[in-house]
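Notes follow once the structure below has been shown.
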Amino acid sequence: MHELSVAQNIIDIVKENVPEKDLRNVKTIFLEVGEFSGVIPDSLEYCFDVIKTDASLGNSKMEIKKIPFVLFCDDCKSETTIIWE
């Protein structure tokens, strides 16, 4: 499950950009995840929830927006969205 390491990386990025005294004030972390990124959003949220308290982010939540995979054909100028279910 690499989502745990992704969650830890996200926490590290937040900690690099938010002063330590303000970490408890972080309410929401917004994240966009590509459809074919290899990340399972539910697993990522779960992993984040498990480790966030140890990182002083216990009051925060993660909001994930899925970004679809879009193909564009230069010949016919059509666009196709692929959704992985």
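Letters for chains follow the order of the structure tokens (A, B, ...), residue numbers begin at 1 for each chain, and ligand numbers begin at 1 in the order shown.
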### Message
Could you pull out the alpha helix (DSSP H) residues of chain A, going by DSSP on the backbone, and write them as a PyMOL selection string?
### Response
chain A and resi 3-17+41-51
### Task
Find the residues around range 61-72 of chain A up to 8 Å (only C-alpha atoms counted), leave out those fewer than 3 positions away in its own chain, and share them as a VMD selection string.
chain A and resid 27 to 36 41 45 48 to 49 77 to 83
### Query
Excluding same-chain residues fewer than 6 positions from Ser5 in chain A, what lies within 10 Å of it counting only C-alpha atoms, as a PyMOL selection string?
chain A and resi 11+44+47-48
### Message
Could you pull out the strand (DSSP E) residues of chain A, going by DSSP on the backbone, and write them as a VMD selection string?
### Response
chain A and resid 28 to 34 61 to 67 69 to 72 79 to 82
### Task
Take CA of Ser43 in chain A and CA of Leu23 in chain A and report the distance between them in Å, one decimal.
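That distance, rounded to one decimal, is 22.9 Å.
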### Query
Which distance in Å separates CA of Asp22 in chain A and CA of Glu3 in chain A, to one decimal?
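About the pair CA of Asp22 in chain A and CA of Glu3 in chain A: they are 25.3 Å apart.
Between CA of Gly58 in chain A and CA of Val14 in chain A there is a distance of 13.0 Å.
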